[in-house]
Structures are given as C-alpha cells and as structure tokens.
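Source file: target-v3.tsv. Holds: TSV, C-alpha atoms and all ligand atoms.
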chain	number	residue	atom	x	y	z
X	1004	MET	CA	136.45	29.82	139.33
X	1005	ALA	CA	140.01	30.96	140.17
X	1006	ASN	CA	139.89	32.84	136.90
X	1007	LYS	CA	136.85	34.79	138.09
X	1008	TYR	CA	138.69	35.99	141.21
X	1009	TRP	CA	141.83	36.84	139.29
X	1010	GLU	CA	139.80	38.82	136.74
X	1011	SER	CA	138.17	40.76	139.60
X	1012	VAL	CA	141.61	41.65	141.02
X	1013	ARG	CA	143.04	42.50	137.59
X	1014	VAL	CA	140.20	44.96	136.89
X	1015	MET	CA	140.55	46.44	140.39
X	1016	LEU	CA	144.27	47.07	139.84
X	1017	GLY	CA	143.45	49.09	136.74
X	1018	GLY	CA	142.97	46.57	133.90
X	1019	GLU	CA	140.11	47.05	131.47
X	1020	PRO	CA	137.26	44.51	131.73
X	1021	ARG	CA	137.78	41.81	129.07
X	1022	ARG	CA	135.03	41.02	126.62
X	1023	GLN	CA	134.57	37.29	126.27
X	1024	PRO	CA	133.89	35.87	122.79
X	1025	PRO	CA	130.16	34.96	122.45
X	1026	SER	CA	131.17	31.32	121.88
X	1027	ASP	CA	132.30	31.22	125.57
X	1028	TYR	CA	128.92	32.46	126.86
X	1029	SER	CA	126.79	30.04	128.88
X	1030	GLU	CA	123.89	28.45	127.01
X	1031	GLU	CA	121.42	30.28	129.24
X	1032	ALA	CA	123.08	33.64	128.53
X	1033	LYS	CA	123.11	32.93	124.79
X	1034	THR	CA	119.36	32.19	124.89
X	1035	ILE	CA	118.58	35.39	126.81
X	1036	HIS	CA	120.71	37.53	124.45
X	1037	PHE	CA	119.04	35.88	121.45
X	1038	TYR	CA	115.56	36.49	122.87
X	1039	LYS	CA	116.34	40.14	123.64
X	1040	LYS	CA	117.61	40.69	120.08
X	1041	SER	CA	114.88	38.83	118.23
X	1042	GLU	CA	111.90	40.09	120.24
X	1043	LYS	CA	112.84	43.75	119.62
X	1044	LEU	CA	111.70	44.65	123.12
X	1045	ASP	CA	110.53	48.20	123.71
X	1046	PHE	CA	113.00	48.97	126.49
X	1047	LYS	CA	111.71	52.52	126.89
X	1048	ALA	CA	108.19	51.30	127.64
X	1049	LEU	CA	109.50	48.54	129.92
X	1050	LYS	CA	111.57	51.09	131.81
X	1051	ILE	CA	108.60	53.43	132.37
X	1052	GLU	CA	106.49	50.51	133.60
X	1053	ALA	CA	109.24	49.20	135.87
X	1054	ARG	CA	109.86	52.63	137.41
X	1055	GLU	CA	106.43	52.49	139.02
X	1056	HIS	CA	107.62	49.57	141.13
X	1057	GLN	CA	110.99	51.06	141.96
X	1058	LYS	CA	111.94	51.66	145.60
X	1059	LYS	CA	113.89	54.89	145.49
X	1060	GLY	CA	116.89	55.53	147.71
X	1061	VAL	CA	116.26	52.63	150.09
X	1062	TRP	CA	119.91	51.57	150.30
X	1063	LEU	CA	121.12	55.16	150.27
X	1064	LYS	CA	119.10	55.92	153.42
X	1065	ARG	CA	120.23	52.72	155.17
X	1066	ARG	CA	123.84	53.43	154.30
X	1067	TRP	CA	123.86	57.06	155.39
X	1068	ILE	CA	122.16	56.20	158.68
X	1069	THR	CA	124.78	53.48	159.32
X	1070	LEU	CA	127.71	55.70	158.32
X	1071	LEU	CA	126.55	58.63	160.45
X	1072	ALA	CA	125.73	56.35	163.40
X	1073	ILE	CA	129.21	54.73	163.38
X	1074	ASN	CA	131.02	58.06	163.17
X	1075	LEU	CA	128.77	59.66	165.78
X	1076	LEU	CA	129.33	56.72	168.11
X	1077	PHE	CA	133.04	57.59	168.15
X	1078	VAL	CA	132.16	61.20	169.04
X	1079	VAL	CA	129.65	60.28	171.74
X	1080	SER	CA	131.97	57.66	173.26
X	1081	TYR	CA	134.76	60.23	173.50
X	1082	TRP	CA	132.75	63.15	174.83
X	1083	LEU	CA	130.65	61.16	177.30
X	1084	ASP	CA	133.53	58.83	178.15
X	1085	ILE	CA	131.29	55.77	177.80
X	1086	GLN	CA	133.87	53.45	176.21
X	1087	ILE	CA	131.65	51.88	173.57
X	1088	LEU	CA	133.68	52.81	170.52
X	1089	GLU	CA	136.94	54.49	171.52
X	1090	GLY	CA	139.70	55.93	169.36
X	1091	ALA	CA	139.22	56.89	165.71
X	1092	LEU	CA	138.73	54.99	162.45
X	1093	THR	CA	142.43	54.18	162.05
X	1094	ALA	CA	142.64	52.46	165.44
X	1095	SER	CA	139.71	51.87	167.78
X	1096	ARG	CA	138.28	49.69	170.53
X	1097	LEU	CA	134.74	48.39	170.18
X	1098	LEU	CA	133.44	47.15	173.55
X	1099	GLY	CA	137.00	46.27	174.48
X	1100	PHE	CA	137.91	44.58	171.15
X	1101	HIS	CA	140.83	46.22	169.38
X	1102	MET	CA	140.18	47.15	165.77
X	1103	ILE	CA	142.95	48.52	163.57
X	1104	ASP	CA	142.53	49.71	160.02
X	1105	LEU	CA	144.35	47.24	157.76
X	1106	ASN	CA	146.00	49.87	155.62
X	1107	SER	CA	147.20	51.84	158.66
X	1108	ALA	CA	148.61	48.68	160.27
X	1109	LEU	CA	150.43	47.86	157.05
X	1110	GLN	CA	151.87	51.38	156.79
X	1111	VAL	CA	153.04	51.29	160.44
X	1112	MET	CA	154.74	47.91	160.00
X	1113	LEU	CA	156.39	49.01	156.77
X	1114	ALA	CA	157.62	52.18	158.50
X	1115	HIS	CA	159.00	50.15	161.46
X	1116	LYS	CA	160.18	47.35	159.15
X	1117	HIS	CA	159.04	44.54	161.41
X	1118	ILE	CA	155.83	42.70	162.26
X	1119	ILE	CA	154.17	44.20	165.33
X	1120	VAL	CA	152.22	41.42	167.07
X	1121	ASN	CA	149.77	43.77	168.85
X	1122	LEU	CA	148.86	45.32	165.51
X	1123	LEU	CA	148.24	41.88	164.00
X	1124	ILE	CA	145.77	41.04	166.78
X	1125	GLY	CA	143.90	44.32	166.21
X	1126	THR	CA	143.70	43.77	162.47
X	1127	GLY	CA	142.37	40.20	162.87
X	1128	THR	CA	138.87	41.35	163.89
X	1129	VAL	CA	138.79	43.90	161.10
X	1130	LEU	CA	140.03	41.38	158.56
X	1131	VAL	CA	137.27	38.88	159.38
X	1132	LEU	CA	134.63	41.62	159.37
X	1133	TRP	CA	135.53	42.92	155.91
X	1134	LEU	CA	136.19	39.44	154.52
X	1135	LEU	CA	132.56	38.68	155.33
X	1136	LEU	CA	131.05	42.01	154.30
X	1137	GLY	CA	133.19	42.70	151.23
X	1138	GLY	CA	136.22	44.91	151.86
X	1139	ARG	CA	135.14	48.08	150.12
X	1140	THR	CA	131.93	48.10	152.10
X	1141	PHE	CA	134.11	50.11	154.49
X	1142	CYS	CA	134.24	52.89	151.89
X	1143	SER	CA	130.56	53.52	151.38
X	1144	TRP	CA	129.20	52.43	154.77
X	1145	VAL	CA	131.86	53.82	157.13
X	1146	CYS	CA	134.30	56.28	155.55
X	1147	PRO	CA	133.38	59.91	156.37
X	1148	TYR	CA	135.16	61.19	153.26
X	1149	HIS	CA	132.91	59.03	151.09
X	1150	PHE	CA	129.90	60.74	152.63
X	1151	LEU	CA	131.23	64.22	151.81
X	1152	ALA	CA	132.53	63.24	148.36
X	1153	GLU	CA	129.34	61.58	147.22
X	1154	ASN	CA	127.39	64.69	148.19
X	1155	THR	CA	129.75	67.14	146.48
X	1156	GLU	CA	129.73	64.78	143.48
X	1157	ARG	CA	126.15	65.95	142.84
X	1158	LEU	CA	127.45	69.50	142.45
X	1159	HIS	CA	130.17	68.27	140.06
X	1160	LEU	CA	127.60	66.43	137.94
X	1161	TYR	CA	125.37	69.52	137.88
X	1162	LEU	CA	128.25	71.73	136.73
X	1163	VAL	CA	129.22	69.17	134.06
X	1164	ALA	CA	125.61	68.94	132.83
X	1165	LYS	CA	125.54	72.75	132.52
X	1166	LYS	CA	128.87	72.54	130.66
X	1167	TRP	CA	130.44	74.94	133.19
X	1168	VAL	CA	133.20	72.46	133.98
X	1169	ALA	CA	134.55	69.35	132.25
X	1170	ASP	CA	135.16	66.03	133.96
X	1171	HIS	CA	138.72	64.77	133.64
X	1172	ALA	CA	139.28	61.04	133.94
X	1173	PHE	CA	142.67	59.46	134.65
X	1174	LEU	CA	143.98	55.94	134.22
X	1175	ARG	CA	142.55	53.79	137.00
X	1176	SER	CA	145.87	52.01	137.37
X	1177	VAL	CA	147.36	55.14	139.01
X	1178	ARG	CA	145.65	54.01	142.23
X	1179	THR	CA	147.85	50.90	142.21
X	1180	VAL	CA	150.90	53.10	141.60
X	1181	PHE	CA	149.90	55.34	144.54
X	1182	TRP	CA	149.44	52.24	146.73
X	1183	LEU	CA	153.01	51.16	145.97
X	1184	LEU	CA	154.29	54.72	146.35
X	1185	PHE	CA	152.78	55.16	149.83
X	1186	ALA	CA	154.16	51.75	150.90
X	1187	LEU	CA	157.59	52.73	149.59
X	1188	MET	CA	157.47	56.15	151.32
X	1189	ALA	CA	156.62	54.48	154.65
X	1190	MET	CA	159.60	52.12	154.26
X	1191	VAL	CA	162.05	54.80	153.16
X	1192	THR	CA	161.08	57.62	155.54
X	1193	GLY	CA	160.05	55.51	158.56
X	1194	TYR	CA	156.85	57.62	158.77
X	1195	THR	CA	153.31	56.74	157.84
X	1196	VAL	CA	153.19	59.49	155.22
X	1197	PHE	CA	149.79	58.48	153.88
X	1198	GLU	CA	148.17	58.77	157.32
X	1199	THR	CA	149.01	62.48	157.46
X	1200	ILE	CA	147.16	63.19	154.21
X	1201	SER	CA	144.37	60.61	154.38
X	1202	PRO	CA	141.02	62.47	154.42
X	1203	THR	CA	139.47	59.42	156.10
X	1204	GLY	CA	141.74	59.76	159.15
X	1205	ILE	CA	141.69	63.58	159.13
X	1206	LEU	CA	137.89	63.72	159.13
X	1207	SER	CA	137.52	60.98	161.71
X	1208	ARG	CA	139.92	62.74	164.11
X	1209	ALA	CA	138.36	66.16	163.40
X	1210	LEU	CA	134.90	64.84	164.25
X	1211	ILE	CA	136.08	63.33	167.54
X	1212	TYR	CA	138.77	65.69	168.81
X	1213	GLY	CA	137.77	68.91	167.03
X	1214	PRO	CA	138.72	70.61	163.75
X	1215	GLY	CA	142.32	71.37	162.76
X	1216	LEU	CA	144.26	72.87	159.88
X	1217	ALA	CA	144.33	69.52	158.07
X	1218	LEU	CA	140.68	70.08	157.16
X	1219	GLY	CA	141.98	72.61	154.61
X	1220	TRP	CA	143.53	69.68	152.72
X	1221	VAL	CA	140.20	67.84	152.70
X	1222	LEU	CA	138.54	70.99	151.37
X	1223	LEU	CA	141.13	71.21	148.57
X	1224	LEU	CA	140.44	67.59	147.61
X	1225	LEU	CA	136.71	68.23	147.49
X	1226	LEU	CA	137.20	71.37	145.37
X	1227	PHE	CA	139.38	69.38	142.97
X	1228	GLU	CA	136.64	66.79	142.66
X	1229	VAL	CA	133.90	69.38	142.16
X	1230	PHE	CA	135.72	71.44	139.52
X	1231	TYR	CA	138.09	69.00	137.84
X	1232	SER	CA	137.70	65.26	138.28
X	1233	ARG	CA	134.75	63.24	139.60
X	1234	ARG	CA	135.52	61.34	142.82
X	1235	ALA	CA	139.25	61.62	142.04
X	1236	TRP	CA	140.60	60.71	145.48
X	1237	CYS	CA	138.66	57.46	145.85
X	1238	ARG	CA	138.98	56.49	142.19
X	1239	TYR	CA	142.63	57.25	141.58
X	1240	VAL	CA	144.52	57.69	144.85
X	1241	CYS	CA	143.23	56.19	148.08
X	1242	PRO	CA	145.17	53.02	149.04
X	1243	ILE	CA	142.61	52.16	151.74
X	1244	GLY	CA	140.02	51.39	149.06
X	1245	LEU	CA	142.45	49.13	147.22
X	1246	THR	CA	143.59	47.30	150.38
X	1247	TYR	CA	140.00	46.64	151.41
X	1248	GLY	CA	139.10	45.70	147.84
X	1249	ILE	CA	141.70	42.93	147.91
X	1250	VAL	CA	140.38	41.74	151.29
X	1251	GLY	CA	136.87	41.52	149.86
X	1252	VAL	CA	137.68	39.39	146.81
X	1253	PHE	CA	136.32	36.21	148.44
X	1254	SER	CA	133.47	37.88	150.30
X	1255	PRO	CA	130.16	36.00	150.30
X	1256	LEU	CA	128.25	39.31	150.10
X	1257	HIS	CA	127.86	40.61	146.55
X	1258	VAL	CA	125.81	42.75	144.32
X	1259	THR	CA	124.47	40.22	141.82
X	1260	TYR	CA	123.42	40.95	138.25
X	1261	LYS	CA	120.64	39.04	136.50
X	1262	LEU	CA	120.78	39.34	132.73
X	1263	ALA	CA	117.15	38.33	132.14
X	1264	ASN	CA	115.85	41.28	134.21
X	1265	CYS	CA	118.12	43.90	132.63
X	1266	HIS	CA	116.80	46.57	130.24
X	1267	HIS	CA	120.33	47.83	129.44
X	1268	GLU	CA	119.51	51.49	129.97
X	1269	ALA	CA	122.66	51.65	132.16
X	1270	GLU	CA	121.28	53.95	134.87
X	1271	CYS	CA	123.44	51.94	137.29
X	1272	ARG	CA	126.70	52.83	135.53
X	1273	LYS	CA	125.86	56.54	135.75
X	1274	VAL	CA	125.65	56.52	139.55
X	1275	CYS	CA	128.44	54.03	140.24
X	1276	GLU	CA	131.79	55.25	141.64
X	1277	VAL	CA	133.48	52.29	139.91
X	1278	PRO	CA	131.49	51.74	136.69
X	1279	HIS	CA	134.09	49.31	135.32
X	1280	VAL	CA	132.61	46.65	137.64
X	1281	LEU	CA	129.29	47.02	135.82
X	1282	ASP	CA	130.65	46.31	132.36
X	1283	CYS	CA	128.38	43.25	132.18
X	1284	VAL	CA	125.22	45.41	132.01
X	1285	ILE	CA	126.18	46.71	128.56
X	1286	LYS	CA	123.95	45.03	125.97
X	1287	GLY	CA	125.44	41.76	124.72
X	1288	ARG	CA	128.34	41.73	127.22
X	1289	SER	CA	127.17	39.40	129.98
X	1290	PRO	CA	128.70	35.94	129.48
X	1291	ALA	CA	126.42	34.34	132.10
X	1292	ALA	CA	122.79	34.65	133.15
X	1293	GLN	CA	123.91	35.67	136.64
X	1294	ILE	CA	127.11	37.46	137.61
X	1295	ASP	CA	128.64	38.53	140.93
X	1296	ILE	CA	129.88	42.12	140.64
X	1297	GLY	CA	133.67	42.43	141.17
X	1298	ALA	CA	135.60	43.22	144.35
X	1299	ASP	CA	136.08	46.93	143.56
X	1300	CYS	CA	132.33	47.35	144.21
X	1301	THR	CA	131.77	49.35	147.40
X	1302	ARG	CA	128.40	47.64	148.07
X	1303	CYS	CA	126.86	51.13	148.22
X	1304	GLY	CA	123.58	49.89	146.73
X	1305	MET	CA	123.14	52.96	144.49
X	1306	CYS	CA	122.86	50.74	141.39
X	1307	ILE	CA	120.17	48.69	143.13
X	1308	ASP	CA	118.30	51.87	144.06
X	1309	VAL	CA	118.28	53.19	140.48
X	1310	CYS	CA	117.78	49.92	138.60
X	1311	PRO	CA	114.16	50.05	137.43
X	1312	SER	CA	113.83	46.33	136.80
X	1313	GLY	CA	115.43	44.55	139.74
X	1314	ALA	CA	118.38	43.28	137.69
X	1315	LEU	CA	120.76	44.10	140.55
X	1316	THR	CA	120.33	42.83	144.09
X	1317	PHE	CA	122.40	42.22	147.20
X	1318	GLU	CA	122.95	38.51	147.70
X	1319	ILE	CA	124.83	36.34	150.16
X	1320	LYS	CA	126.32	33.23	148.59
X	1321	GLY	CA	124.24	30.17	149.45
X	1322	LEU	CA	121.44	32.27	150.92
X	1323	ARG	CA	118.53	34.10	149.35
X	1324	LYS	CA	118.82	37.64	148.14
X	1325	ILE	CA	118.66	40.43	150.73
X	1326	MET	CA	116.75	42.80	148.47
X	1401	LIG	S1	138.56	55.04	148.74
X	1401	LIG	FE1	139.48	55.88	150.63
X	1401	LIG	S2	138.62	57.93	150.90
X	1401	LIG	FE2	137.38	56.83	149.37
X	1401	LIG	S3	135.74	55.98	150.52
X	1401	LIG	FE3	137.31	54.38	150.42
X	1401	LIG	S4	138.56	54.71	152.27
X	1401	LIG	FE4	137.32	56.54	152.00
X	1402	LIG	S1	128.23	48.28	141.51
X	1402	LIG	FE1	126.50	49.17	142.61
X	1402	LIG	S2	126.89	48.74	144.77
X	1402	LIG	FE2	128.83	48.45	143.65
X	1402	LIG	S3	129.84	50.44	143.82
X	1402	LIG	FE3	128.71	50.43	141.89
X	1402	LIG	S4	126.75	51.40	142.41
X	1402	LIG	FE4	127.72	50.78	144.34
Could you write out this file's structure as structure tokens?
Amino acid sequence: MANKYWESVRVMLGGEPRRQPPSDYSEEAKTIHFYKKSEKLDFKALKIEAREHQKKGVWLKRRWITLLAINLLFVVSYWLDIQILEGALTASRLLGFHMIDLNSALQVMLAHKHIIVNLLIGTGTVLVLWLLLGGRTFCSWVCPYHFLAENTERLHLYLVAKKWVADHAFLRSVRTVFWLLFALMAMVTGYTVFETISPTGILSRALIYGPGLALGWVLLLLLFEVFYSRRAWCRYVCPIGLTYGIVGVFSPLHVTYKLANCHHEAECRKVCEVPHVLDCVIKGRSPAAQIDIGADCTRCGMCIDVCPSGALTFEIKGLRKIM
C-alpha cells in the first residue's frame, strides 16, 4: 500500500512509470489479459458500438461552469462589495473563513524565514479541502490559467496535426527542479519571486482589479505553448501543481481505471495533460483489475468524457462511483 503512494509521488516528481513483471500481476488481472489476448476481440467494432452510449463533454461542462463561477464570484464580491469571496486566488476569505494558497504561504514563509501563524491558520482550510478533493483538482477546476491553456491547446494540436509546428517535450522532472529553484529564490532574495510571474495569480488579480502589464507575460506563455510546447507551463514549470499534487496523494477522490472495460484505444492519453498517470491503459500494462490513477491527475474528467467504454470513472474510496 505504502509502495503505491510512493510510486505515485515518484512518477509525479518526474520518474517514468515502472512496468511490473507479469508474474506480479493479480490473478484477476492475469485472467483479463489472457482473455483479451486469446479472444482476439475486435476492438474497432467494440469502440464504434460503445461510442453510441458515450456521454460527450459532461465533465468538461461541469468543470468549466465551476471554474468560471468561482472566478466570477471573486469579481462580483469585489465590485458589489458583498463579501462572499474576497481577495484573490492566492489569499481569500470565503464567508469570513481565511483561505491561503498553500504554495503562496510556503513561498512567503521561506522568504521571511519563519513560520507565520496567521498563514498557517489560513492554509488549514485549504489543506483539508484539497486533501479531500485531490490536490490537483485545484488546477483544472479553479485555476484561470488552466482554462486559457486548455483552450489554446486545441490550436496547438491543430497546428501540429497540420504539421505547421512541432511539439517539443521536455523532461518532466524539470518541474521538480523549478519547485526547488523558486523555493531557493524566495529564501535567498526574501521576495516571493514566483508570485510575480505566476499566471494563476496574475490572471486572478487582473480579473478582479483590472488588467495590467503582467498580462503580457501570460500572453507570452500561451504563445510558447501554442507554437512550441504543449501545456509547457503546467507540465514543466508550475510549482503550484506540484505542491497540490503532493497534498492530494492520500485523497479519497480518484479517477479509477477498470481493466475489464478497457478497449486500449488510448483516447484518454491523447487528451490528458499528464498522460504518464494513464500508463496502465496501455495493453498488457495494468497489474490489477482496478487501479486508482496517480496523484498528478488533475481530476479534469477529460479521460472519462472520451473513454468510449466506461473504463474510467470518478470514485470516492468506500463509496460508489460518481459517474
Ligand atoms: S499547474 Fe499551475 S498554472 Fe497549471 S493549472 Fe495548475 S496551478 Fe494553474
Ligand atoms: S487522468 Fe483523466 S482526469 Fe486525470 S488529468 Fe488525465 S484526463 Fe484528467
């Protein structure tokens, strides 16, 4: 069990998913793999049939509505002075409860080189929330940069398909290096350097208090992602994603994979921002009949939306599946 959590963290920090020897597979998984091989299933036909029952974009719509509602609530609270959700994403007050972004709090404390009790209280609420919901849920359900980046990603994929641009991938472990680098810069300079360049904070403040020059930086990031490297900021740089990923390791909310339902056409890996967490969907790779997808998963639900056979679902440990 501990091994499962450590493996999830190792992959999140940049390690490649390990392939277990077939002798370590569960008996149930071995039987399913054997059946899939020996029956010579017509996956193409199964996929066409399954598509007829597919619910398209259900989670995408739910997620966008939630993300826009949260960010608009900040704007409305500020402009109408109604004190429902005050502040911005880095530090806010929801109905009087202080909420402070974990990564920002960490950067501030590193910059000041001591533990600030008020910050700890504010992070407590946030910590519990993301422990329960899975840390990186923040990314796809709240972060305004995610919303922009996943929309411009479509343009990048179109340009790549037309062969007008090439996608450049980097080592995933550079995100861990950036995390350490930003922590070190805060300690050495006494400033929260990352906060000045974080597109999450820039966009949140721009939405609430009005646009500023910093939006030019966000535009540059988006252009880099469109013309050079798919989802580069979130995949290779942003320390917020990594901090929340660590928080979500023990979350009861998961995307769960069921080997028996899978047709291995890997549509899910094509849409996923972090396809390394879906290594188990590759034919012959799943060591168990059911697997909880790792902590780097943003719980965006895109894989669930595109899976034609219901092999991926949201589940809460100990409860029934959500969908
Ligand atoms: S990785 Fe960072 S920028 Fe990307 S969605 Fe998460 S918080 Fe936002
Ligand atoms: S595994 Fe699914 S829910 Fe998780 S990030 Fe990838 S597409 Fe989104």
- Have a look at X:Leu1218, X:Leu1223, X:Leu1016, X:Leu1136 and name the one nearest to Ile1205 in chain X; count all atoms listed in the file. X:Leu1218
- Residues at most 7 Å from Ala1263 in chain X, counting all atoms listed in the file, excluding those fewer than 2 positions away in the same chain, as a PyMOL selection string? chain X and resi 1035+1261+1265+1292
- Query: How far is it from CA of Tyr1231 in chain X to CA of Trp1167 in chain X, in Å with one decimal?
  - Reply: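 Between CA of Tyr1231 in chain X and CA of Trp1167 in chain X the gap is 10.7 Å.
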Per-residue nearest contacts of chain X to ligand LIG 1401 (chain X) (10 Å; all atoms listed in the file) as JSON lines:
{"residue": "X:Asn1106", "atom": "CA", "partner": "X:LIG1401", "partner_atom": "S4", "distance": 9.5}
{"residue": "X:Gly1138", "atom": "CA", "partner": "X:LIG1401", "partner_atom": "FE3", "distance": 9.6}
{"residue": "X:Arg1139", "atom": "CA", "partner": "X:LIG1401", "partner_atom": "FE3", "distance": 6.7}
{"residue": "X:Thr1140", "atom": "CA", "partner": "X:LIG1401", "partner_atom": "FE3", "distance": 8.4}
{"residue": "X:Phe1141", "atom": "CA", "partner": "X:LIG1401", "partner_atom": "FE3", "distance": 6.7}
{"residue": "X:Cys1142", "atom": "CA", "partner": "X:LIG1401", "partner_atom": "S3", "distance": 3.7}
{"residue": "X:Ser1143", "atom": "CA", "partner": "X:LIG1401", "partner_atom": "S3", "distance": 5.8}
{"residue": "X:Trp1144", "atom": "CA", "partner": "X:LIG1401", "partner_atom": "S3", "distance": 8.6}
{"residue": "X:Val1145", "atom": "CA", "partner": "X:LIG1401", "partner_atom": "S3", "distance": 8.0}
{"residue": "X:Cys1146", "atom": "CA", "partner": "X:LIG1401", "partner_atom": "FE4", "distance": 4.7}
{"residue": "X:Pro1147", "atom": "CA", "partner": "X:LIG1401", "partner_atom": "FE4", "distance": 6.8}
{"residue": "X:Tyr1148", "atom": "CA", "partner": "X:LIG1401", "partner_atom": "FE4", "distance": 5.3}
{"residue": "X:His1149", "atom": "CA", "partner": "X:LIG1401", "partner_atom": "S3", "distance": 4.2}
{"residue": "X:Phe1150", "atom": "CA", "partner": "X:LIG1401", "partner_atom": "S3", "distance": 7.8}
{"residue": "X:Leu1151", "atom": "CA", "partner": "X:LIG1401", "partner_atom": "S3", "distance": 9.5}
{"residue": "X:Ala1152", "atom": "CA", "partner": "X:LIG1401", "partner_atom": "FE2", "distance": 8.1}
{"residue": "X:Glu1153", "atom": "CA", "partner": "X:LIG1401", "partner_atom": "S3", "distance": 9.1}
{"residue": "X:Arg1178", "atom": "CA", "partner": "X:LIG1401", "partner_atom": "S1", "distance": 9.7}
{"residue": "X:Ser1201", "atom": "CA", "partner": "X:LIG1401", "partner_atom": "S2", "distance": 7.2}
{"residue": "X:Pro1202", "atom": "CA", "partner": "X:LIG1401", "partner_atom": "S2", "distance": 6.2}
{"residue": "X:Thr1203", "atom": "CA", "partner": "X:LIG1401", "partner_atom": "FE4", "distance": 5.5}
{"residue": "X:Gly1204", "atom": "CA", "partner": "X:LIG1401", "partner_atom": "FE4", "distance": 9.0}
{"residue": "X:Arg1234", "atom": "CA", "partner": "X:LIG1401", "partner_atom": "FE2", "distance": 8.2}
{"residue": "X:Ala1235", "atom": "CA", "partner": "X:LIG1401", "partner_atom": "FE2", "distance": 9.0}
{"residue": "X:Trp1236", "atom": "CA", "partner": "X:LIG1401", "partner_atom": "FE2", "distance": 6.4}
{"residue": "X:Cys1237", "atom": "CA", "partner": "X:LIG1401", "partner_atom": "S1", "distance": 3.8}
{"residue": "X:Arg1238", "atom": "CA", "partner": "X:LIG1401", "partner_atom": "S1", "distance": 6.7}
{"residue": "X:Tyr1239", "atom": "CA", "partner": "X:LIG1401", "partner_atom": "S1", "distance": 8.5}
{"residue": "X:Val1240", "atom": "CA", "partner": "X:LIG1401", "partner_atom": "S1", "distance": 7.6}
{"residue": "X:Cys1241", "atom": "CA", "partner": "X:LIG1401", "partner_atom": "FE1", "distance": 4.5}
{"residue": "X:Pro1242", "atom": "CA", "partner": "X:LIG1401", "partner_atom": "FE1", "distance": 6.6}
{"residue": "X:Ile1243", "atom": "CA", "partner": "X:LIG1401", "partner_atom": "S4", "distance": 4.8}
{"residue": "X:Gly1244", "atom": "CA", "partner": "X:LIG1401", "partner_atom": "S1", "distance": 3.9}
{"residue": "X:Leu1245", "atom": "CA", "partner": "X:LIG1401", "partner_atom": "S1", "distance": 7.2}
{"residue": "X:Thr1246", "atom": "CA", "partner": "X:LIG1401", "partner_atom": "S4", "distance": 9.2}
{"residue": "X:Tyr1247", "atom": "CA", "partner": "X:LIG1401", "partner_atom": "S4", "distance": 8.2}
{"residue": "X:Gly1248", "atom": "CA", "partner": "X:LIG1401", "partner_atom": "FE3", "distance": 9.2}
{"residue": "X:Glu1276", "atom": "CA", "partner": "X:LIG1401", "partner_atom": "FE2", "distance": 9.7}
{"residue": "X:Asp1299", "atom": "CA", "partner": "X:LIG1401", "partner_atom": "S1", "distance": 9.9}
{"residue": "X:Thr1301", "atom": "CA", "partner": "X:LIG1401", "partner_atom": "FE3", "distance": 8.1}
Show me a table, sorted first by chain and then by increasing residue number, of the residues of chain X having an atom at most 9 Å from ligand LIG 1402 (chain X), each with its shortest atom pair and the distance in Å to one decimal, counting only C-alpha atoms and all ligand atoms and written as a tab-separated table.
residue	atom	partner	partner_atom	distance
X:Arg1139	CA	X:LIG1402	S3	8.6
X:Thr1140	CA	X:LIG1402	S3	8.9
X:Ser1143	CA	X:LIG1402	FE4	8.1
X:His1257	CA	X:LIG1402	S2	8.4
X:Val1258	CA	X:LIG1402	S2	6.1
X:Thr1259	CA	X:LIG1402	S1	8.9
X:Cys1271	CA	X:LIG1402	S4	6.1
X:Arg1272	CA	X:LIG1402	S4	7.0
X:Lys1273	CA	X:LIG1402	S4	8.5
X:Val1274	CA	X:LIG1402	S4	6.0
X:Cys1275	CA	X:LIG1402	S4	3.8
X:Glu1276	CA	X:LIG1402	S3	5.6
X:Val1277	CA	X:LIG1402	FE3	5.5
X:Pro1278	CA	X:LIG1402	FE3	6.0
X:His1279	CA	X:LIG1402	FE3	8.6
X:Val1280	CA	X:LIG1402	S1	6.1
X:Leu1281	CA	X:LIG1402	S1	5.9
X:Ile1296	CA	X:LIG1402	S1	6.4
X:Gly1297	CA	X:LIG1402	S1	8.0
X:Ala1298	CA	X:LIG1402	FE2	8.6
X:Asp1299	CA	X:LIG1402	S3	7.2
X:Cys1300	CA	X:LIG1402	FE2	3.7
X:Thr1301	CA	X:LIG1402	S3	4.2
X:Arg1302	CA	X:LIG1402	S2	3.8
X:Cys1303	CA	X:LIG1402	FE4	4.0
X:Gly1304	CA	X:LIG1402	S2	4.0
X:Met1305	CA	X:LIG1402	S4	4.4
X:Cys1306	CA	X:LIG1402	S4	4.1
X:Ile1307	CA	X:LIG1402	FE1	6.4
X:Asp1308	CA	X:LIG1402	S4	8.6
X:Val1309	CA	X:LIG1402	S4	8.9
X:Leu1315	CA	X:LIG1402	FE1	7.9
X:Thr1316	CA	X:LIG1402	S2	8.9
X:Phe1317	CA	X:LIG1402	S2	8.3
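Distances to Ile1319 in chain X were evaluated for X:Asn1006, X:Thr1179, X:Ser1041, X:Ser1254 using all atoms listed in the file, and the minimum falls at X:Ser1254.
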- For each of X:Met1112, X:Ser1289, X:Thr1155, X:Lys1007, take the minimum atom-to-atom distance to Phe1230 in chain X, counting all atoms listed in the file, then give the residue where this is smallest.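 Comparing X:Met1112, X:Ser1289, X:Thr1155, X:Lys1007 against Phe1230 in chain X, the winner is X:Thr1155.
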- Message: List as a ChimeraX atom specification the residues having at least one atom at most 10 Å from position (138.6, 35.7, 148.4) as given in the file, counting only C-alpha atoms.
- Response: /X:1005,1008-1009,1012,1134-1135,1137,1249-1255,1298
